[in-house]
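Before any comments, here is the structure.
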Amino acid sequence: MEGEERKGEKEQGGTEEERVMKRRVQGNCKTEWFDRDNPSGSGDYEDLVNLRKEYLDQICSNPTACEVETTSGISILSTGDNISDCSISAGFSCVNKEQEDESCEDYKIRFTCPESFCNCQTQWFDRDDPSGKGDYEDLVNL
């Protein structure tokens, strides 16, 4: 069980600090890539309702855009799959029976969010004044 939890943490992008740093480094506010479903069964469903349940607090409440590609990085437009839904309100779905070969590719999705979602700065703190030996704004005493 413990190994599964670590695996899940790694698949979800590591610790909260690592996820926030990755979002900020990308230059604009994007979530990690999510791949919660495989195309076995009736299709590949990267739907927003289930993504929010599985990846708590990792998707903003009001995405402004979404991107979809295969898990190997191929553009959705290059696959030839007939896509049932791809939107910021519902997420993504590909239904196997709607495909010529009756099989969807395995897809992943990520969302673009308002900058406030990626902004992890705190308020300014000033608990000490520069007197005595210096000005100490150490985390332990905040």
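Each chain of the structure tokens is named A, B, ... in the order shown, its residues numbered from 1; ligands are numbered from 1 in display order.
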
Kindly assemble as a tab-separated table a list of the range 58-140 of chain A residues that lie within 8 Å of range 29-32 of chain A, each paired with its nearest atom pair and their distance in Å to one decimal, using only C-alpha atoms, sorted first by chain and then by ascending residue number.
residue	atom	partner	partner_atom	distance
A:Gln58	CA	A:Thr31	CA	6.8
A:Ile59	CA	A:Thr31	CA	6.4
A:Arg110	CA	A:Thr31	CA	5.5
A:Phe111	CA	A:Thr31	CA	5.4
A:Thr112	CA	A:Lys30	CA	4.3
A:Cys113	CA	A:Cys29	CA	5.4
A:Pro114	CA	A:Cys29	CA	6.4
A:Glu115	CA	A:Cys29	CA	5.5
A:Phe117	CA	A:Cys29	CA	7.2
A:Cys118	CA	A:Cys29	CA	5.7

Exercise for review: Quick one: everything within 8 Å of range 80-84 of chain A, counting only C-alpha atoms, minus sequence neighbours fewer than 5 positions away in the same chain. Send it as a list in words.
Suggested key: Phe92, Ser93, Cys94, Val95, Glu98, Gln99, Cys104 and Glu105 of chain A

Pick out each residue of range 20-86 of chain A that DSSP on the backbone tags as helix (DSSP H, G or I); I need them as a PDB file with C-alpha atoms, in the first residue's frame.
ATOM      1  CA  VAL A  20       3.719  24.519  -7.868  1.00  0.00           C
ATOM      2  CA  MET A  21       7.295  25.036  -9.068  1.00  0.00           C
ATOM      3  CA  LYS A  22       6.601  23.142 -12.311  1.00  0.00           C
ATOM      4  CA  ARG A  23       3.553  25.321 -12.975  1.00  0.00           C
ATOM      5  CA  ARG A  24       5.537  28.513 -12.363  1.00  0.00           C
ATOM      6  CA  VAL A  25       8.561  27.466 -14.458  1.00  0.00           C
ATOM      7  CA  LEU A  48     -13.168  16.995 -15.599  1.00  0.00           C
ATOM      8  CA  VAL A  49     -15.546  15.631 -12.935  1.00  0.00           C
ATOM      9  CA  ASN A  50     -13.403  12.535 -12.309  1.00  0.00           C
ATOM     10  CA  LEU A  51     -10.112  14.405 -12.751  1.00  0.00           C
ATOM     11  CA  ARG A  52     -11.138  16.808  -9.972  1.00  0.00           C
ATOM     12  CA  LYS A  53     -11.971  13.849  -7.700  1.00  0.00           C
ATOM     13  CA  GLU A  54      -8.668  12.071  -8.358  1.00  0.00           C
ATOM     14  CA  ILE A  76      -4.741  15.026 -31.073  1.00  0.00           C
ATOM     15  CA  LEU A  77      -5.104  16.301 -34.656  1.00  0.00           C
ATOM     16  CA  SER A  78      -2.565  13.758 -35.938  1.00  0.00           C
TER      17      SER A  78
END

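The closest residue to Phe34 in chain A, picked from A:Cys86, A:Cys66, A:Ile109, A:Leu56 and counting only C-alpha atoms, is A:Ile109.
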
Review point. So which residues touch Lys108 in chain A within 8 Å, counting only C-alpha atoms, skipping near sequence neighbours fewer than 2 positions away, as a PyMOL selection string?
Key: chain A and resi 33-36+46+68-71+106+110

With N, CA, C and O atoms kept, could you save the residues just selected as a JSON list (two decimals), in the first residue's frame?
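As a result, out.json now contains:
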[["chain", "number", "residue", "atom", "x", "y", "z"],
["A", 33, "TRP", "N", 0.08, 17.35, -16.70],
["A", 33, "TRP", "CA", -0.68, 16.49, -17.60],
["A", 33, "TRP", "C", -1.38, 15.43, -16.76],
["A", 33, "TRP", "O", -0.79, 14.88, -15.84],
["A", 34, "PHE", "N", -2.64, 15.14, -17.08],
["A", 34, "PHE", "CA", -3.41, 14.13, -16.37],
["A", 34, "PHE", "C", -3.81, 13.01, -17.32],
["A", 34, "PHE", "O", -4.27, 13.27, -18.44],
["A", 35, "ASP", "N", -3.63, 11.77, -16.87],
["A", 35, "ASP", "CA", -4.04, 10.60, -17.63],
["A", 35, "ASP", "C", -4.70, 9.65, -16.66],
["A", 35, "ASP", "O", -4.07, 8.78, -16.10],
["A", 36, "ARG", "N", -5.99, 9.80, -16.43],
["A", 36, "ARG", "CA", -6.69, 9.02, -15.42],
["A", 36, "ARG", "C", -7.34, 7.77, -15.98],
["A", 36, "ARG", "O", -7.81, 6.92, -15.24],
["A", 46, "GLU", "N", -11.02, 11.41, -20.06],
["A", 46, "GLU", "CA", -10.27, 12.32, -19.20],
["A", 46, "GLU", "C", -11.22, 13.45, -18.80],
["A", 46, "GLU", "O", -11.00, 14.62, -19.09],
["A", 68, "VAL", "N", -4.83, 18.62, -25.28],
["A", 68, "VAL", "CA", -4.92, 17.16, -25.27],
["A", 68, "VAL", "C", -3.92, 16.62, -26.27],
["A", 68, "VAL", "O", -3.77, 17.15, -27.37],
["A", 69, "GLU", "N", -3.22, 15.57, -25.86],
["A", 69, "GLU", "CA", -2.32, 14.84, -26.76],
["A", 69, "GLU", "C", -2.24, 13.40, -26.27],
["A", 69, "GLU", "O", -2.71, 13.08, -25.18],
["A", 70, "THR", "N", -1.66, 12.54, -27.09],
["A", 70, "THR", "CA", -1.52, 11.15, -26.66],
["A", 70, "THR", "C", -0.48, 11.09, -25.55],
["A", 70, "THR", "O", 0.32, 12.01, -25.38],
["A", 71, "THR", "N", -0.48, 10.00, -24.82],
["A", 71, "THR", "CA", 0.50, 9.86, -23.73],
["A", 71, "THR", "C", 1.92, 9.80, -24.27],
["A", 71, "THR", "O", 2.86, 10.02, -23.53],
["A", 106, "ASP", "N", -4.45, 6.45, -26.36],
["A", 106, "ASP", "CA", -4.42, 6.78, -24.93],
["A", 106, "ASP", "C", -4.04, 8.25, -24.81],
["A", 106, "ASP", "O", -2.94, 8.64, -25.23],
["A", 110, "ARG", "N", -4.24, 18.62, -20.09],
["A", 110, "ARG", "CA", -3.84, 19.61, -19.08],
["A", 110, "ARG", "C", -4.63, 20.88, -19.34],
["A", 110, "ARG", "O", -5.15, 21.10, -20.42]]

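When only C-alpha atoms are used to compute distances to Ala90 in chain A, the closest of the residues A:Ser75, A:Ser103, A:Asn62, A:Asn119 turns out to be A:Asn62.
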
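Take CA of Ser61 in chain A and CA of Tyr107 in chain A: the distance between them is 21.8 Å.
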
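Here CA of Gly91 in chain A is placed at a distance of 4.4 Å from CA of Asp47 in chain A.
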
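Checking A:Ser72, A:Gly132, A:Pro39, A:Asn141 one by one against Glu102 in chain A, counting only C-alpha atoms, you find the shortest gap at A:Pro39.
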
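Going from CA of Glu100 in chain A over to CA of Asn38 in chain A, you cover 18.0 Å.
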